[in-house]
Amino acid sequence: MKDESVLEQLSEIARFEASVDMEKDYRIGWGWRQVRIWPATLSKLFKEGYLENVFRSNSHTGYRLSELGKSLLSAENAPPQTRQEPKLAAPDSLFADIIGHDGVKELLRASLLAEKPVHVLLTGPPALAKTLFLWDIEKAGGEKAIWLVGSATSKAGLWDLVAGREPSILLIDEIDKMNAADTAALLTMMEGGRLVRAKRGRELNINNPLWVVAASNRCEKLSPELRSRFAIRNLNPYSRAEYLAVVKGVLVRSEGLSLELAAEVAGRLDGLTQNVRDAIRVARLAPQLGVEKAIKLLLGGASSEN
C-alpha cells in the first residue's frame with residue numbers, strides 16, 4: 001500500500017479539485033497555496049507521476065491530479081474484489097499417481113478445499129515426491145495455479161505475476177532459495193491481505209486469498225515469520241518398491257511412455273538413484289540414445305539389469 005502521507009495529500013488535492021471548476025477557474029492549474037501543501041512536496045508528487053504540470057512561469061507553477069494520482073485514489077477507495085476458493089479438477093483423484101504419503105495427501109486436499117487458505121510446506125531430502133505434489137496441484141488447478149521457483153523469484157516479479165494473473169494457488173519450489181528481502185510480499189499475501197497498487201492506466205485493489213503450497217529440502221533457512229505461516233510436513237524417503245511404482249506412474253502419466261518402456265526405465269534405474277527427475281531425463285533421451293546409454297551418460301555408470 002502507498003505511504004499514508006501520500007494518500008492523505010492526494011486526497012486533500014482531490015477534495016479541492018472537486019470543490020472548484022477546474023476548466024473555468026483553474027485552467028492553468030492550482031498552486032501550493034490553494035491546496036496548502038508545500039512546494040517541495042508538490043514537486044515530489046509531480047516527479048512520482050501523481051500530478052501534472054499544466055503551467056509554469058516565474059511566478060506560478062500550476063498543477064492538477066494526473067491519471068496515475070486518480071488511479072491510486074480510486075484503487076484505495078474502491079471496495080476490494082474477493083475471489084472464491086480454488087477450484088480443483090477431480091479433487092478426489094488428486095495425487096493418484098503418488099505412492100504413499102497418505103497423510104500428506106489428505107492434508108493437501110483438505111487445505112485446498114478449505115473456505116480460507118491453509119498454507120502447506122513440504123520438506124525433506126531431495127528425490128522425494130515434493131515436486132510431484134506441486135505438479136499434480138498445478139494440473140488440477142489449471143489457470144488458477146501458478147508455479148514459481150524460489151531462486152528465480154523477486155518481490156517485484158511476484159507482485160506483477162499476482163496482479164496480472166490473479167491466481168488462487170501459488171506453488172513455490174525451492175522456497176528456501178528465495179532471497180530473504182523478497183519474502184516480504186509473500187508474507188503479506190499469505191495473510192490474505194489487501195493488495196493495493198496503481199500504475200498508469202491500471203488500478204489494483206484485491207482482497208487476494210492465496211493458497212500457498214511450497215517445497216524445500218531444508219526449512220531452517222526460512223525466517224521464523226515465514227515458517228509460522230505454514231503447516232510443515234516432512235516427507236520420508238521412498239522404499240525400493242515405492243520408488244519403482246512412482247517412476248512407472250510418472251513416466252506413463254506425464255511423459256506418455258508405454259507401461260512396458262516405463263517399467264524398463266524404472267528397472268534399470270533400480271539401485272542407481274531415487275530421484276524421479278533422473279527417470280524423466282532418461283525417458284526424454286531414450287528415443288535418441290536408448291534407455292541404457294541414456295542412463296550411462298546421465299549417471300556416469302552402467303545401468304543395473306532388472
# chains A, B, ... in the order shown; residues from 1 in each chain; ligands from 1

$ select_by_dssp --residues "stretch 164-289 of chain A" --states "strand (DSSP E)" --output "ChimeraX atom specification"
/A:169-173,194-199,202-207,211-216,230-234

$ write_last_selection --atoms "N, CA, C and O atoms" --output "mmCIF file, in the first residue's frame"
data_model
loop_
_atom_site.group_PDB
_atom_site.id
_atom_site.type_symbol
_atom_site.label_atom_id
_atom_site.label_comp_id
_atom_site.auth_asym_id
_atom_site.auth_seq_id
_atom_site.Cartn_x
_atom_site.Cartn_y
_atom_site.Cartn_z
ATOM 1 N N ILE A 169 -3.887 -20.262 -6.337
ATOM 2 C CA ILE A 169 -2.895 -21.171 -5.761
ATOM 3 C C ILE A 169 -1.510 -20.763 -6.223
ATOM 4 O O ILE A 169 -1.273 -20.601 -7.422
ATOM 5 N N LEU A 170 -0.605 -20.590 -5.271
ATOM 6 C CA LEU A 170 0.783 -20.266 -5.561
ATOM 7 C C LEU A 170 1.633 -21.470 -5.171
ATOM 8 O O LEU A 170 1.626 -21.890 -4.015
ATOM 9 N N LEU A 171 2.341 -22.034 -6.135
ATOM 10 C CA LEU A 171 3.191 -23.193 -5.913
ATOM 11 C C LEU A 171 4.646 -22.744 -5.995
ATOM 12 O O LEU A 171 5.075 -22.221 -7.028
ATOM 13 N N ILE A 172 5.394 -22.930 -4.927
ATOM 14 C CA ILE A 172 6.774 -22.428 -4.879
ATOM 15 C C ILE A 172 7.721 -23.583 -4.591
ATOM 16 O O ILE A 172 7.733 -24.129 -3.482
ATOM 17 N N ASP A 173 8.497 -23.963 -5.593
ATOM 18 C CA ASP A 173 9.524 -24.980 -5.407
ATOM 19 C C ASP A 173 10.807 -24.304 -4.946
ATOM 20 O O ASP A 173 11.096 -23.172 -5.334
ATOM 21 N N ARG A 194 -4.847 -7.107 1.862
ATOM 22 C CA ARG A 194 -5.324 -6.314 0.743
ATOM 23 C C ARG A 194 -4.141 -5.836 -0.068
ATOM 24 O O ARG A 194 -3.200 -5.259 0.476
ATOM 25 N N LEU A 195 -4.177 -6.050 -1.379
ATOM 26 C CA LEU A 195 -3.106 -5.625 -2.256
ATOM 27 C C LEU A 195 -3.591 -4.412 -3.039
ATOM 28 O O LEU A 195 -4.523 -4.512 -3.833
ATOM 29 N N VAL A 196 -2.979 -3.266 -2.809
ATOM 30 C CA VAL A 196 -3.371 -2.038 -3.486
ATOM 31 C C VAL A 196 -2.182 -1.525 -4.257
ATOM 32 O O VAL A 196 -1.114 -1.307 -3.697
ATOM 33 N N ARG A 197 -2.364 -1.345 -5.555
ATOM 34 C CA ARG A 197 -1.273 -0.858 -6.380
ATOM 35 C C ARG A 197 -1.855 -0.071 -7.536
ATOM 36 O O ARG A 197 -2.900 -0.420 -8.060
ATOM 37 N N ALA A 198 -1.185 0.994 -7.938
ATOM 38 C CA ALA A 198 -1.649 1.798 -9.065
ATOM 39 C C ALA A 198 -0.523 2.001 -10.043
ATOM 40 O O ALA A 198 0.599 2.322 -9.662
ATOM 41 N N LYS A 199 -0.804 1.749 -11.308
ATOM 42 C CA LYS A 199 0.127 2.050 -12.384
ATOM 43 C C LYS A 199 -0.611 2.926 -13.387
ATOM 44 O O LYS A 199 -1.826 3.076 -13.321
ATOM 45 N N ARG A 202 -3.975 1.768 -14.878
ATOM 46 C CA ARG A 202 -4.364 0.488 -14.292
ATOM 47 C C ARG A 202 -4.571 0.622 -12.794
ATOM 48 O O ARG A 202 -3.784 1.259 -12.113
ATOM 49 N N GLU A 203 -5.624 0.006 -12.279
ATOM 50 C CA GLU A 203 -5.893 0.013 -10.855
ATOM 51 C C GLU A 203 -5.854 -1.422 -10.326
ATOM 52 O O GLU A 203 -6.173 -2.358 -11.031
ATOM 53 N N LEU A 204 -5.456 -1.574 -9.100
ATOM 54 C CA LEU A 204 -5.464 -2.884 -8.462
ATOM 55 C C LEU A 204 -5.862 -2.727 -7.015
ATOM 56 O O LEU A 204 -5.239 -1.990 -6.272
ATOM 57 N N ASN A 205 -6.935 -3.375 -6.652
ATOM 58 C CA ASN A 205 -7.351 -3.404 -5.247
ATOM 59 C C ASN A 205 -8.025 -4.746 -5.024
ATOM 60 O O ASN A 205 -9.184 -4.931 -5.346
ATOM 61 N N ILE A 206 -7.264 -5.709 -4.529
ATOM 62 C CA ILE A 206 -7.759 -7.081 -4.436
ATOM 63 C C ILE A 206 -7.608 -7.602 -3.019
ATOM 64 O O ILE A 206 -6.565 -7.463 -2.410
ATOM 65 N N ASN A 207 -8.681 -8.165 -2.497
ATOM 66 C CA ASN A 207 -8.574 -8.962 -1.287
ATOM 67 C C ASN A 207 -8.200 -10.356 -1.778
ATOM 68 O O ASN A 207 -9.048 -11.089 -2.280
ATOM 69 N N TRP A 211 -3.763 -19.585 -1.676
ATOM 70 C CA TRP A 211 -3.358 -20.849 -1.070
ATOM 71 C C TRP A 211 -1.920 -21.109 -1.521
ATOM 72 O O TRP A 211 -1.661 -21.255 -2.716
ATOM 73 N N VAL A 212 -0.987 -21.163 -0.594
ATOM 74 C CA VAL A 212 0.414 -21.363 -0.941
ATOM 75 C C VAL A 212 0.837 -22.771 -0.546
ATOM 76 O O VAL A 212 0.666 -23.179 0.606
ATOM 77 N N VAL A 213 1.365 -23.509 -1.526
ATOM 78 C CA VAL A 213 1.952 -24.823 -1.273
ATOM 79 C C VAL A 213 3.396 -24.742 -1.740
ATOM 80 O O VAL A 213 3.664 -24.394 -2.897
ATOM 81 N N ALA A 214 4.323 -25.024 -0.849
ATOM 82 C CA ALA A 214 5.741 -24.852 -1.161
ATOM 83 C C ALA A 214 6.514 -26.115 -0.848
ATOM 84 O O ALA A 214 6.051 -26.989 -0.107
ATOM 85 N N ALA A 215 7.713 -26.202 -1.445
ATOM 86 C CA ALA A 215 8.592 -27.349 -1.210
ATOM 87 C C ALA A 215 9.992 -26.840 -0.918
ATOM 88 O O ALA A 215 10.427 -25.818 -1.461
ATOM 89 N N SER A 216 10.691 -27.566 -0.053
ATOM 90 C CA SER A 216 12.038 -27.155 0.339
ATOM 91 C C SER A 216 12.795 -28.372 0.848
ATOM 92 O O SER A 216 12.232 -29.207 1.549
ATOM 93 N N PHE A 230 3.108 -21.600 7.705
ATOM 94 C CA PHE A 230 2.920 -22.881 7.054
ATOM 95 C C PHE A 230 2.578 -23.995 8.047
ATOM 96 O O PHE A 230 3.063 -23.996 9.181
ATOM 97 N N ALA A 231 1.780 -24.936 7.568
ATOM 98 C CA ALA A 231 1.741 -26.256 8.186
ATOM 99 C C ALA A 231 2.866 -27.047 7.531
ATOM 100 O O ALA A 231 2.858 -27.250 6.314
ATOM 101 N N ILE A 232 3.854 -27.473 8.307
ATOM 102 C CA ILE A 232 5.063 -28.086 7.758
ATOM 103 C C ILE A 232 4.982 -29.599 7.900
ATOM 104 O O ILE A 232 4.755 -30.119 8.994
ATOM 105 N N ARG A 233 5.162 -30.298 6.780
ATOM 106 C CA ARG A 233 5.159 -31.757 6.784
ATOM 107 C C ARG A 233 6.464 -32.273 6.191
ATOM 108 O O ARG A 233 6.854 -31.883 5.092
ATOM 109 N N ASN A 234 7.137 -33.141 6.925
ATOM 110 C CA ASN A 234 8.386 -33.743 6.469
ATOM 111 C C ASN A 234 8.086 -35.067 5.768
ATOM 112 O O ASN A 234 7.389 -35.926 6.314
#

$ residues_around --residues "A:Pro126" --least-positions-apart "6" --cutoff "12 Å" --atoms "only C-alpha atoms" --output "number ranges by chain"
A: 132, 173-174, 215-218, 234-238, 273-278

$ residues_around --residues "A:Leu187" --least-positions-apart "4" --cutoff "8 Å" --atoms "only C-alpha atoms" --output "list in words"
Thr183, Glu191, Glu225, Leu226 and Arg229 of chain A

$ residues_around --residues "stretch 15-27 of chain A" --least-positions-apart "2" --cutoff "9 Å" --atoms "only C-alpha atoms" --output "VMD selection string"
chain A and resid 10 to 13 29 to 30 34 to 35 54 to 55 62 64 to 65

$ atom_distance --atom1 "atom CA of A:Tyr63" --atom2 "atom CA of A:Leu51"
6.3 Å

$ select_by_dssp --residues "stretch 103-187 of chain A" --states "alpha helix (DSSP H)" --output "ChimeraX atom specification"
/A:103-112,130-141,155-165,183-187

$ write_last_selection --atoms "C-alpha atoms" --output "short mmCIF file (atom, residue, chain, number, x, y, z; two decimals), in the first residue's frame"
data_model
loop_
_atom_site.label_atom_id
_atom_site.label_comp_id
_atom_site.auth_asym_id
_atom_site.auth_seq_id
_atom_site.Cartn_x
_atom_site.Cartn_y
_atom_site.Cartn_z
CA GLY A 103 -1.32 -38.20 5.48
CA VAL A 104 0.22 -35.51 3.30
CA LYS A 105 -2.32 -36.18 0.54
CA GLU A 106 -5.21 -35.84 2.98
CA LEU A 107 -3.80 -32.61 4.43
CA LEU A 108 -3.28 -31.03 1.00
CA ARG A 109 -6.73 -31.98 -0.27
CA ALA A 110 -8.37 -30.57 2.85
CA SER A 111 -6.32 -27.36 2.82
CA LEU A 112 -7.03 -26.66 -0.87
CA LYS A 130 7.72 -32.92 -3.08
CA THR A 131 7.81 -31.71 -6.67
CA LEU A 132 5.30 -34.37 -7.75
CA PHE A 133 2.78 -32.92 -5.31
CA LEU A 134 3.27 -29.46 -6.82
CA TRP A 135 2.93 -30.82 -10.35
CA ASP A 136 -0.35 -32.53 -9.54
CA ILE A 137 -1.78 -29.41 -7.90
CA GLU A 138 -0.73 -27.31 -10.90
CA LYS A 139 -2.55 -29.66 -13.29
CA ALA A 140 -5.67 -29.77 -11.09
CA GLY A 141 -5.70 -26.01 -10.52
CA LYS A 155 9.38 -9.24 -4.86
CA ALA A 156 8.63 -7.16 -7.97
CA GLY A 157 8.15 -10.26 -10.10
CA LEU A 158 5.84 -11.81 -7.54
CA TRP A 159 3.75 -8.63 -7.36
CA ASP A 160 3.44 -8.40 -11.15
CA LEU A 161 2.54 -12.07 -11.52
CA VAL A 162 -0.18 -11.97 -8.88
CA ALA A 163 -1.53 -8.65 -10.17
CA GLY A 164 -1.56 -9.82 -13.77
CA ARG A 165 -2.93 -13.35 -13.42
CA THR A 183 9.70 -12.78 1.07
CA ALA A 184 8.09 -9.59 2.45
CA ALA A 185 5.48 -9.52 -0.33
CA LEU A 186 4.84 -13.24 0.14
CA LEU A 187 4.25 -12.81 3.88
#

$ closest_residue --among "A:Gly69, A:Pro39, A:Gly31, A:Gly124" --to "A:Glu220" --atoms "only C-alpha atoms"
A:Gly124

$ closest_residue --among "A:Pro209, A:Pro224, A:Pro125, A:Gly267" --to "A:Ala245" --atoms "only C-alpha atoms"
A:Gly267

$ atom_distance --atom1 "atom CA of A:Glu8" --atom2 "atom CA of A:Glu52"
17.7 Å

$ closest_residue --among "A:His60, A:Leu68, A:Lys116, A:Leu7" --to "A:Lys47" --atoms "only C-alpha atoms"
A:Leu68
